[in-house]
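Enquirer: The structure under discussion is supplied below as structure tokens; questions concerning it will follow.
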Amino acid sequence: MNIAVIGTGYVGLVSGVCYAERGNNVICVDKDEHKINQLLQGIVPIYEPGLKELADKNRLAGRLQFTTDLVKTLPQVDIVVIAVGTPPLPSGEADMRYVEAVAREIGYAMDGYKIVVVKSTVPVGTNERVKSIIASMTRKPFDIASVPEFLREGSAVADTLSPDRIVIGAESPRAIEQLVLLHEKLTSKIVVTDIRSAEMIKYASNAFLATKISFINEIANICEKVGADVTEVAHGMGLDSRIGSSFLRAGIGYGGSCFPKDTKALIQIAGHVEYDFKLLKSVVEVNRDQRFGVIDKLHRALGSLRGRTIGIWGLAFKPETDDVREAPAVEIIERLLLEGASVRVTDPIAADNFREQLDHPAIEWCRTPIEAATNCDALCLLTEWREFLQTDLREVELAMVTPILIDGRNAFTAEQLRHTGFAYYPVGRPGMNTQDIALHELI
């Protein structure tokens with residue numbers, strides 16, 4: 001099939017590359033000339049495992065093109081995918097200006113029948129608004145459809161090529177037939193529904209996963225007070241098929257471009273129909289507070305943080321991505337600086353993006369885990385990158401002023417800690433310190 005994907009962010013670029021990988025002819029369109037020039041030169045502006053290799057392969061094979069010219073692109077394609085951003089407004093609502101602008105451009109450039117697919121995460125009713133905008137600018141026939149994305153940053157290529165399911169919201173049998181044909185190359189698990197339900201499935205899915213994260217973090221906080229181990233609790237819970245084990249890992253909360261934005265947007269969607277979504281409001285509040293458990297643990301270990309040097313391992317909101325949007329590290333480091341600490345930070349991929357968002361004279365940018373830990377009073381693991389977990393903790397201990405390790409991701413094992421002198425502070429695992437590990441060995 002011949003496809004145009006409008007927007008070359010995470011969703012648009014990954015979707016376009018993967019559609020091409022499945023044998024379709026794809027033109028990715030973006031107004032950002034610098035980004036398009038980079039892509040034409042084989043430079044992928046985002047970090048996502050496997051993406052550059054597939055982009056290069058399909059670009060050289062002639063199945064993948066990049067341009068800024070939507071007007072010239074539209075006559076060459078049958079399906080137009082809208083994948084532009086819907087960033088949050090101060091109110092928490094999704095900003096629809098980019099989606100609506102694209103709809104106007106499509107209407108202006110329409111030359112014949114097209115299937116217009118909205119892949120951007122949008123409030124319920126948006127597809128109808130897009131249809132109205134396009135129809136006001138053209139008499140050419142077209143159909144509208146909602147095909148939300150469910151990719152995870154860090155595994156976006158795999159998620160797109162082998163998705164759990166594809167959701168298609170459409171009314172036209174013609175559009176449904178073509179979109180099923182397009183996506184059955186990816187999976188046989190295709191859900192065909194009405195447009196409004198498809199729009200809601202995306203928000204409901206992300207809100208539910210965010211709820212699981214906040215729930216297990218609340219359980220972790222109780223575990224710390226009653227002497228239970230949240231990892232054992234989560235394991236026991238996850239074996240129940242009604243619950244499942246995914247998203248039951250306690251830590252410092254969710255971040256990134258999806259969960260924070262989508263939970264707040266769904267609260268606003270509910271508010272517009274006069275429904276008070278109390279549960280989801282609590283999920284957001286719990287997540288906001290959870291990241292500051294790192295600060296509480298630092299106070300417990302060191303007292304005042306003024307004049308202290310704190311090492312930070314990890315700035316991205318999760319491993320295998322350079323995305324720092326809504327990353328817990330932002331607010332944690334801001335609080336450390338506010339309390340008079342200096343920080344030594346490192347991240348394998350996300351340091352440059354983080355520095356654009358937060359730079360300060362008291363932040364020292366380090367290239368390696370050992371360098372970031374050197375002369376520190378405490379070390380905080382905020383992103384569980386593999387290279388951090390593979391670093392020899394005995395070497396880290398020798399580099400530090402005091403061996404204090406705050407594990408915001410419950411990433412280290414008893415085996416790694418066994419022969420160190422670290423005072424270890426995980427999340428919801430009060431028995432996990434070197435003294436208890438040594439005692440357990442004697443018993």
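By convention in this document, the chains of the structure tokens carry letters A, B, ... by their order, each chain's residues are numbered from 1, and ligands are numbered from 1 in the order they are shown.
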Hey, what's within 12 Å of Glu331 in chain A if we count only C-alpha atoms and toss same-chain stuff fewer than 4 positions away? As a list of chain:residue names, please?
Expert: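 Selected residues are A:Ile252, A:Gly253, A:Gly255, A:Arg288, A:Asp289, A:Gln290, A:Arg291, A:Phe292, A:Gly293, A:Val294, A:Ile295, A:Leu315, A:Phe317, A:Val324, A:Arg325, A:Glu326, A:Ala327, A:Arg335, A:Leu336, A:Leu337, A:Leu338, A:Phe354, A:Gln357, A:Leu358, A:Leu382.
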Enquirer: Run DSSP on the backbone and give me the residues of range 35-271 of chain A it puts in strand (DSSP E or B), as a ChimeraX atom specification.
Expert: /A:64-67,79-82,88,94,114-118,142-146,166-170,190-193
Enquirer: What would the file look like if the residues just selected were written as a short mmCIF file (atom, residue, chain, number, x, y, z; two decimals), in the first residue's frame with C-alpha atoms?
Expert:
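Result file follows (result-v5.cif):
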data_model
loop_
_atom_site.label_atom_id
_atom_site.label_comp_id
_atom_site.auth_asym_id
_atom_site.auth_seq_id
_atom_site.Cartn_x
_atom_site.Cartn_y
_atom_site.Cartn_z
CA LEU A 64 10.78 4.89 2.72
CA GLN A 65 10.94 8.57 1.79
CA PHE A 66 11.01 11.82 3.74
CA THR A 67 9.66 15.23 2.73
CA ILE A 79 -3.80 6.17 3.25
CA VAL A 80 -2.85 9.26 5.28
CA VAL A 81 -1.78 8.69 8.89
CA ILE A 82 -1.88 11.64 11.29
CA PRO A 88 -0.67 18.83 27.34
CA ALA A 94 -4.56 17.67 25.00
CA LYS A 114 -8.21 8.77 0.85
CA ILE A 115 -8.46 6.95 4.15
CA VAL A 116 -7.42 9.41 6.85
CA VAL A 117 -6.16 7.62 9.96
CA VAL A 118 -5.72 9.41 13.28
CA PHE A 142 -12.62 10.28 2.07
CA ASP A 143 -13.10 8.12 5.14
CA ILE A 144 -11.84 8.75 8.65
CA ALA A 145 -10.56 6.11 11.09
CA SER A 146 -9.00 5.91 14.54
CA ILE A 166 -4.51 -3.45 16.62
CA VAL A 167 -7.58 -1.33 17.30
CA ILE A 168 -9.44 0.05 14.28
CA GLY A 169 -12.28 2.47 14.84
CA ALA A 170 -14.19 3.19 11.63
CA ILE A 190 -7.41 -6.93 15.29
CA VAL A 191 -10.27 -5.23 17.13
CA VAL A 192 -12.75 -3.40 14.89
CA THR A 193 -15.02 -1.01 16.73
#
Enquirer: Which parts of range 27-129 of chain A does DSSP call alpha helix (DSSP H) when run on the backbone here, written out as a count of residues only?
Expert: 39
Enquirer: What lies within 10 Å of Ser132 in chain A using only C-alpha atoms, ignoring chain neighbours under 4 positions off, as number ranges by chain?
Expert: A: 103-104, 107, 126-128, 136-137
Enquirer: Residues of the last selection are to be written out with N, CA, C and O atoms, as a PDB file, in the first residue's frame.
Expert:
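Output (out11.pdb):
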ATOM      1  N   ALA A 103      -5.295  18.474   9.555  1.00  0.00           N
ATOM      2  CA  ALA A 103      -6.581  18.206   8.907  1.00  0.00           C
ATOM      3  C   ALA A 103      -6.879  19.257   7.845  1.00  0.00           C
ATOM      4  O   ALA A 103      -7.355  18.926   6.745  1.00  0.00           O
ATOM      5  N   ARG A 104      -6.591  20.508   8.152  1.00  0.00           N
ATOM      6  CA  ARG A 104      -6.813  21.573   7.159  1.00  0.00           C
ATOM      7  C   ARG A 104      -5.908  21.392   5.943  1.00  0.00           C
ATOM      8  O   ARG A 104      -6.332  21.587   4.797  1.00  0.00           O
ATOM      9  N   GLY A 107      -7.263  18.563   3.810  1.00  0.00           N
ATOM     10  CA  GLY A 107      -8.423  19.025   3.060  1.00  0.00           C
ATOM     11  C   GLY A 107      -8.038  19.885   1.877  1.00  0.00           C
ATOM     12  O   GLY A 107      -8.599  19.748   0.783  1.00  0.00           O
ATOM     13  N   THR A 126     -12.539  13.574  18.602  1.00  0.00           N
ATOM     14  CA  THR A 126     -11.582  14.277  17.746  1.00  0.00           C
ATOM     15  C   THR A 126     -11.690  13.846  16.289  1.00  0.00           C
ATOM     16  O   THR A 126     -11.598  14.668  15.373  1.00  0.00           O
ATOM     17  N   ASN A 127     -11.880  12.544  16.053  1.00  0.00           N
ATOM     18  CA  ASN A 127     -11.982  12.084  14.672  1.00  0.00           C
ATOM     19  C   ASN A 127     -13.150  12.750  13.950  1.00  0.00           C
ATOM     20  O   ASN A 127     -13.058  13.069  12.760  1.00  0.00           O
ATOM     21  N   GLU A 128     -14.240  12.973  14.676  1.00  0.00           N
ATOM     22  CA  GLU A 128     -15.375  13.667  14.081  1.00  0.00           C
ATOM     23  C   GLU A 128     -15.011  15.113  13.750  1.00  0.00           C
ATOM     24  O   GLU A 128     -15.422  15.640  12.707  1.00  0.00           O
ATOM     25  N   SER A 136     -14.985  20.434   5.209  1.00  0.00           N
ATOM     26  CA  SER A 136     -15.259  21.855   4.953  1.00  0.00           C
ATOM     27  C   SER A 136     -14.336  22.433   3.881  1.00  0.00           C
ATOM     28  O   SER A 136     -14.573  23.542   3.391  1.00  0.00           O
ATOM     29  N   MET A 137     -13.296  21.689   3.509  1.00  0.00           N
ATOM     30  CA  MET A 137     -12.290  22.215   2.581  1.00  0.00           C
ATOM     31  C   MET A 137     -12.201  21.445   1.273  1.00  0.00           C
ATOM     32  O   MET A 137     -11.424  21.798   0.390  1.00  0.00           O
TER      33      MET A 137
END
Enquirer: Can you pull out the residues contacting range 264-279 of chain A? Cut-off 9 Å, using only C-alpha atoms, and skip same-chain residues under 6 positions away; I want them as a VMD selection string.
Expert: chain A and resid 88 91 to 94 122 to 124 200 203 to 204 207 211
Enquirer: Write the selection just made, keeping N, CA and C atoms, as a short mmCIF file (atom, residue, chain, number, x, y, z; two decimals), in the first residue's frame?
Expert:
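Below is the file selection36.cif, written as the result:
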data_model
loop_
_atom_site.label_atom_id
_atom_site.label_comp_id
_atom_site.auth_asym_id
_atom_site.auth_seq_id
_atom_site.Cartn_x
_atom_site.Cartn_y
_atom_site.Cartn_z
N PRO A 88 0.31 18.34 26.36
CA PRO A 88 -0.67 18.83 27.34
C PRO A 88 -0.68 20.34 27.44
N SER A 91 -3.97 23.16 31.52
CA SER A 91 -5.14 22.58 32.17
C SER A 91 -5.06 21.05 32.26
N GLY A 92 -4.14 20.45 31.48
CA GLY A 92 -4.06 19.00 31.39
C GLY A 92 -4.72 18.46 30.13
N GLU A 93 -5.54 19.29 29.48
CA GLU A 93 -6.16 18.87 28.23
C GLU A 93 -5.11 18.69 27.13
N ALA A 94 -5.44 17.85 26.15
CA ALA A 94 -4.56 17.67 25.00
C ALA A 94 -4.67 18.87 24.07
N VAL A 122 -5.82 11.22 21.04
CA VAL A 122 -6.72 12.37 20.97
C VAL A 122 -7.96 12.14 21.81
N PRO A 123 -8.57 13.20 22.33
CA PRO A 123 -9.80 13.06 23.11
C PRO A 123 -10.93 12.48 22.28
N VAL A 124 -11.88 11.86 22.97
CA VAL A 124 -13.04 11.28 22.30
C VAL A 124 -13.80 12.37 21.55
N MET A 200 -11.31 6.01 23.03
CA MET A 200 -11.31 5.80 24.48
C MET A 200 -10.43 4.63 24.89
N TYR A 203 -6.88 5.85 25.85
CA TYR A 203 -6.79 6.51 27.15
C TYR A 203 -7.04 5.54 28.30
N ALA A 204 -8.04 4.68 28.13
CA ALA A 204 -8.36 3.74 29.20
C ALA A 204 -7.21 2.77 29.45
N ALA A 207 -4.40 4.69 31.28
CA ALA A 207 -4.83 5.04 32.63
C ALA A 207 -4.81 3.82 33.54
N THR A 211 -2.48 3.21 36.78
CA THR A 211 -3.11 2.86 38.06
C THR A 211 -2.39 1.68 38.71
#
Enquirer: CA of Thr8 in chain A to CA of Ala101 in chain A: how many Å, to one decimal?
Expert: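 Taking CA of Thr8 in chain A and CA of Ala101 in chain A, their separation equals 15.6 Å.
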Enquirer: Taking into account only C-alpha atoms, which residue in the set A:Thr86, A:Cys380, A:Asp56, A:Pro75 is nearest to Gly9 in chain A?
Expert: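 That would be A:Thr86, the residue with the smallest distance to Gly9 in chain A.
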Enquirer: Using only C-alpha atoms, which protein or nucleic acid residues come within 12 Å of Phe422 in chain A? Drop anything in the same chain fewer than 5 positions from it, and give the result as a list in words.
Expert: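 Here the qualifying residues turn out to be Ala301, Asp377, Ala378, Leu379, Leu393, Arg394, Glu395, Val396, Glu397, Leu398, Met400, Val401, Thr402, Pro403, Ile404, Leu405, Ile406, Asp407, Phe412, Ala414, Gln416, Leu417, Met432, Asn433, Thr434, Gln435, Asp436 and Ile437 of chain A.
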Enquirer: Restricting it to N, CA and C atoms, dump the selection as a PDB file, in the first residue's frame.
Expert:
ATOM      1  N   ALA A 301      19.373   8.875  55.569  1.00  0.00           N
ATOM      2  CA  ALA A 301      20.757   8.413  55.579  1.00  0.00           C
ATOM      3  C   ALA A 301      21.747   9.503  55.960  1.00  0.00           C
ATOM      4  N   ASP A 377      28.533  11.551  48.561  1.00  0.00           N
ATOM      5  CA  ASP A 377      28.048  11.141  49.875  1.00  0.00           C
ATOM      6  C   ASP A 377      26.957  10.088  49.770  1.00  0.00           C
ATOM      7  N   ALA A 378      26.314  10.027  48.612  1.00  0.00           N
ATOM      8  CA  ALA A 378      25.300   9.002  48.360  1.00  0.00           C
ATOM      9  C   ALA A 378      25.116   8.891  46.851  1.00  0.00           C
ATOM     10  N   LEU A 379      24.609   7.737  46.432  1.00  0.00           N
ATOM     11  CA  LEU A 379      24.387   7.475  45.018  1.00  0.00           C
ATOM     12  C   LEU A 379      22.940   7.030  44.828  1.00  0.00           C
ATOM     13  N   LEU A 393      29.978  -3.000  42.144  1.00  0.00           N
ATOM     14  CA  LEU A 393      29.629  -2.132  43.270  1.00  0.00           C
ATOM     15  C   LEU A 393      30.780  -1.984  44.260  1.00  0.00           C
ATOM     16  N   ARG A 394      31.709  -2.925  44.282  1.00  0.00           N
ATOM     17  CA  ARG A 394      32.864  -2.780  45.174  1.00  0.00           C
ATOM     18  C   ARG A 394      33.755  -1.638  44.696  1.00  0.00           C
ATOM     19  N   GLU A 395      33.866  -1.505  43.390  1.00  0.00           N
ATOM     20  CA  GLU A 395      34.632  -0.387  42.835  1.00  0.00           C
ATOM     21  C   GLU A 395      33.916   0.938  43.087  1.00  0.00           C
ATOM     22  N   VAL A 396      32.603   0.914  42.991  1.00  0.00           N
ATOM     23  CA  VAL A 396      31.812   2.113  43.261  1.00  0.00           C
ATOM     24  C   VAL A 396      31.983   2.542  44.712  1.00  0.00           C
ATOM     25  N   GLU A 397      31.913   1.567  45.608  1.00  0.00           N
ATOM     26  CA  GLU A 397      32.049   1.850  47.038  1.00  0.00           C
ATOM     27  C   GLU A 397      33.379   2.534  47.350  1.00  0.00           C
ATOM     28  N   LEU A 398      34.445   2.060  46.733  1.00  0.00           N
ATOM     29  CA  LEU A 398      35.768   2.647  46.985  1.00  0.00           C
ATOM     30  C   LEU A 398      35.862   4.087  46.483  1.00  0.00           C
ATOM     31  N   MET A 400      33.458   6.327  46.567  1.00  0.00           N
ATOM     32  CA  MET A 400      32.550   7.239  47.268  1.00  0.00           C
ATOM     33  C   MET A 400      33.110   7.672  48.622  1.00  0.00           C
ATOM     34  N   VAL A 401      32.600   8.793  49.120  1.00  0.00           N
ATOM     35  CA  VAL A 401      32.943   9.264  50.463  1.00  0.00           C
ATOM     36  C   VAL A 401      32.258   8.370  51.486  1.00  0.00           C
ATOM     37  N   THR A 402      30.962   8.149  51.300  1.00  0.00           N
ATOM     38  CA  THR A 402      30.210   7.230  52.158  1.00  0.00           C
ATOM     39  C   THR A 402      29.407   6.289  51.260  1.00  0.00           C
ATOM     40  N   PRO A 403      29.418   4.989  51.511  1.00  0.00           N
ATOM     41  CA  PRO A 403      28.747   4.021  50.640  1.00  0.00           C
ATOM     42  C   PRO A 403      27.246   3.933  50.937  1.00  0.00           C
ATOM     43  N   ILE A 404      26.501   4.862  50.390  1.00  0.00           N
ATOM     44  CA  ILE A 404      25.046   4.884  50.542  1.00  0.00           C
ATOM     45  C   ILE A 404      24.437   4.766  49.150  1.00  0.00           C
ATOM     46  N   LEU A 405      23.581   3.766  48.957  1.00  0.00           N
ATOM     47  CA  LEU A 405      22.983   3.523  47.652  1.00  0.00           C
ATOM     48  C   LEU A 405      21.458   3.557  47.770  1.00  0.00           C
ATOM     49  N   ILE A 406      20.837   4.535  47.093  1.00  0.00           N
ATOM     50  CA  ILE A 406      19.379   4.638  47.028  1.00  0.00           C
ATOM     51  C   ILE A 406      18.948   4.021  45.703  1.00  0.00           C
ATOM     52  N   ASP A 407      18.266   2.896  45.772  1.00  0.00           N
ATOM     53  CA  ASP A 407      17.877   2.170  44.567  1.00  0.00           C
ATOM     54  C   ASP A 407      16.414   2.474  44.248  1.00  0.00           C
ATOM     55  N   PHE A 412      18.996  -3.782  42.069  1.00  0.00           N
ATOM     56  CA  PHE A 412      20.156  -4.551  42.506  1.00  0.00           C
ATOM     57  C   PHE A 412      19.731  -5.769  43.316  1.00  0.00           C
ATOM     58  N   ALA A 414      20.655  -9.178  45.969  1.00  0.00           N
ATOM     59  CA  ALA A 414      21.415  -9.497  47.177  1.00  0.00           C
ATOM     60  C   ALA A 414      22.816  -9.967  46.821  1.00  0.00           C
ATOM     61  N   GLN A 416      24.694  -8.997  44.355  1.00  0.00           N
ATOM     62  CA  GLN A 416      25.538  -7.848  44.020  1.00  0.00           C
ATOM     63  C   GLN A 416      25.966  -7.074  45.265  1.00  0.00           C
ATOM     64  N   LEU A 417      25.124  -7.084  46.268  1.00  0.00           N
ATOM     65  CA  LEU A 417      25.388  -6.296  47.474  1.00  0.00           C
ATOM     66  C   LEU A 417      26.167  -7.064  48.539  1.00  0.00           C
ATOM     67  N   MET A 432      16.142  -5.556  52.844  1.00  0.00           N
ATOM     68  CA  MET A 432      17.230  -5.655  51.872  1.00  0.00           C
ATOM     69  C   MET A 432      18.346  -4.660  52.192  1.00  0.00           C
ATOM     70  N   ASN A 433      19.161  -4.990  53.175  1.00  0.00           N
ATOM     71  CA  ASN A 433      20.383  -4.225  53.395  1.00  0.00           C
ATOM     72  C   ASN A 433      21.514  -5.213  53.644  1.00  0.00           C
ATOM     73  N   THR A 434      22.731  -4.749  53.603  1.00  0.00           N
ATOM     74  CA  THR A 434      23.865  -5.677  53.661  1.00  0.00           C
ATOM     75  C   THR A 434      23.931  -6.425  54.987  1.00  0.00           C
ATOM     76  N   GLN A 435      23.459  -5.784  56.053  1.00  0.00           N
ATOM     77  CA  GLN A 435      23.476  -6.462  57.348  1.00  0.00           C
ATOM     78  C   GLN A 435      22.502  -7.643  57.354  1.00  0.00           C
ATOM     79  N   ASP A 436      21.279  -7.427  56.795  1.00  0.00           N
ATOM     80  CA  ASP A 436      20.286  -8.492  56.760  1.00  0.00           C
ATOM     81  C   ASP A 436      20.709  -9.609  55.822  1.00  0.00           C
ATOM     82  N   ILE A 437      21.368  -9.240  54.723  1.00  0.00           N
ATOM     83  CA  ILE A 437      21.858 -10.251  53.783  1.00  0.00           C
ATOM     84  C   ILE A 437      22.895 -11.139  54.464  1.00  0.00           C
TER      85      ILE A 437
END
Enquirer: So how far away is CA of Gly307 in chain A from CA of Asn375 in chain A, in Å?
Expert: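 Between these atoms lies a distance of 12.5 Å.
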Enquirer: Between CA of Val286 in chain A and CA of Arg344 in chain A, what is the spacing in Å?
Expert: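 Between CA of Arg344 in chain A and CA of Val286 in chain A the gap is 27.5 Å.
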Enquirer: Do a neighbour search on Ser342 in chain A at 9 Å with only C-alpha atoms, toss out local chain neighbours closer than 4 positions, and write the hits as a list in words.
Expert: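 After dropping sequence-adjacent residues, the list is Leu305, Arg306, Gly307, Arg308, Thr309, Ile310, Gly311, Leu336, Leu337, Pro361, Ala362, Ile363 and Glu364 of chain A.
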Enquirer: So that I have them on file, write out the residues from the current selection with N, CA and C atoms, as a short mmCIF file (atom, residue, chain, number, x, y, z; two decimals), in the first residue's frame.
Expert:
data_model
loop_
_atom_site.label_atom_id
_atom_site.label_comp_id
_atom_site.auth_asym_id
_atom_site.auth_seq_id
_atom_site.Cartn_x
_atom_site.Cartn_y
_atom_site.Cartn_z
N LEU A 305 20.92 17.85 53.49
CA LEU A 305 21.60 17.63 52.21
C LEU A 305 22.44 18.82 51.79
N ARG A 306 22.39 19.88 52.54
CA ARG A 306 23.17 21.08 52.18
C ARG A 306 24.66 20.76 52.23
N GLY A 307 25.33 21.07 51.13
CA GLY A 307 26.77 20.82 51.04
C GLY A 307 27.13 19.40 50.68
N ARG A 308 26.14 18.54 50.54
CA ARG A 308 26.40 17.14 50.19
C ARG A 308 26.55 17.00 48.67
N THR A 309 27.25 15.95 48.26
CA THR A 309 27.38 15.63 46.84
C THR A 309 26.66 14.31 46.59
N ILE A 310 25.69 14.36 45.68
CA ILE A 310 24.85 13.19 45.40
C ILE A 310 25.09 12.73 43.96
N GLY A 311 25.40 11.46 43.79
CA GLY A 311 25.55 10.89 42.45
C GLY A 311 24.20 10.43 41.91
N LEU A 336 17.02 18.37 44.99
CA LEU A 336 18.36 18.30 45.56
C LEU A 336 19.07 19.64 45.47
N LEU A 337 18.97 20.29 44.34
CA LEU A 337 19.60 21.60 44.16
C LEU A 337 18.97 22.62 45.09
N PRO A 361 24.82 25.28 37.61
CA PRO A 361 26.25 25.21 37.97
C PRO A 361 26.60 24.10 38.95
N ALA A 362 25.61 23.67 39.74
CA ALA A 362 25.87 22.62 40.73
C ALA A 362 25.69 21.22 40.16
N ILE A 363 25.43 21.11 38.86
CA ILE A 363 25.34 19.80 38.20
C ILE A 363 26.64 19.53 37.47
N GLU A 364 27.28 18.42 37.78
CA GLU A 364 28.48 18.01 37.07
C GLU A 364 28.14 16.83 36.16
#
Enquirer: Give me the residues near range 222-236 of chain A as a PDB file with all heavy atoms, in the first residue's frame, where near means some atom within 7 Å (using only C-alpha atoms) and where sequence neighbours in that chain fewer than 6 positions away do not count.
Expert:
ATOM      1  N   SER A 245       1.348 -10.016  35.956  1.00  0.00           N
ATOM      2  CA  SER A 245       2.585  -9.525  36.581  1.00  0.00           C
ATOM      3  C   SER A 245       3.085  -8.209  36.013  1.00  0.00           C
ATOM      4  O   SER A 245       3.939  -7.561  36.624  1.00  0.00           O
ATOM      5  CB  SER A 245       3.684 -10.583  36.429  1.00  0.00           C
ATOM      6  OG  SER A 245       3.925 -10.838  35.050  1.00  0.00           O
ATOM      7  N   LEU A 248       3.779  -4.193  37.769  1.00  0.00           N
ATOM      8  CA  LEU A 248       3.710  -4.331  39.223  1.00  0.00           C
ATOM      9  C   LEU A 248       5.104  -4.230  39.833  1.00  0.00           C
ATOM     10  O   LEU A 248       5.410  -4.897  40.819  1.00  0.00           O
ATOM     11  CB  LEU A 248       3.073  -5.671  39.608  1.00  0.00           C
ATOM     12  CG  LEU A 248       1.557  -5.776  39.459  1.00  0.00           C
ATOM     13  CD1 LEU A 248       1.080  -7.140  39.920  1.00  0.00           C
ATOM     14  CD2 LEU A 248       0.828  -4.680  40.245  1.00  0.00           C
ATOM     15  N   GLY A 428      10.299  -0.312  49.224  1.00  0.00           N
ATOM     16  CA  GLY A 428       9.378  -1.338  49.708  1.00  0.00           C
ATOM     17  C   GLY A 428      10.025  -2.655  50.050  1.00  0.00           C
ATOM     18  O   GLY A 428       9.364  -3.690  50.055  1.00  0.00           O
ATOM     19  N   ARG A 429      11.345  -2.642  50.354  1.00  0.00           N
ATOM     20  CA  ARG A 429      12.058  -3.870  50.705  1.00  0.00           C
ATOM     21  C   ARG A 429      12.908  -3.592  51.965  1.00  0.00           C
ATOM     22  O   ARG A 429      14.130  -3.562  51.905  1.00  0.00           O
ATOM     23  CB  ARG A 429      12.939  -4.326  49.565  1.00  0.00           C
ATOM     24  CG  ARG A 429      12.215  -4.467  48.232  1.00  0.00           C
ATOM     25  CD  ARG A 429      13.122  -5.006  47.162  1.00  0.00           C
ATOM     26  NE  ARG A 429      13.410  -6.431  47.385  1.00  0.00           N
ATOM     27  CZ  ARG A 429      14.281  -7.142  46.677  1.00  0.00           C
ATOM     28  NH1 ARG A 429      14.996  -6.556  45.727  1.00  0.00           N
ATOM     29  NH2 ARG A 429      14.473  -8.420  46.924  1.00  0.00           N
ATOM     30  N   PRO A 430      12.264  -3.418  53.110  1.00  0.00           N
ATOM     31  CA  PRO A 430      12.995  -2.988  54.314  1.00  0.00           C
ATOM     32  C   PRO A 430      14.047  -3.977  54.798  1.00  0.00           C
ATOM     33  O   PRO A 430      14.978  -3.600  55.512  1.00  0.00           O
ATOM     34  CB  PRO A 430      11.882  -2.807  55.358  1.00  0.00           C
ATOM     35  CG  PRO A 430      10.757  -3.660  54.868  1.00  0.00           C
ATOM     36  CD  PRO A 430      10.832  -3.589  53.374  1.00  0.00           C
TER      37      PRO A 430
END
Enquirer: Would you mind telling me which residue in A:Ala411, A:Val11, A:Ala341, A:Leu181 lies nearest to Ile46 in chain A when using only C-alpha atoms?
Expert: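 That would be A:Val11, the residue with the smallest distance to Ile46 in chain A.
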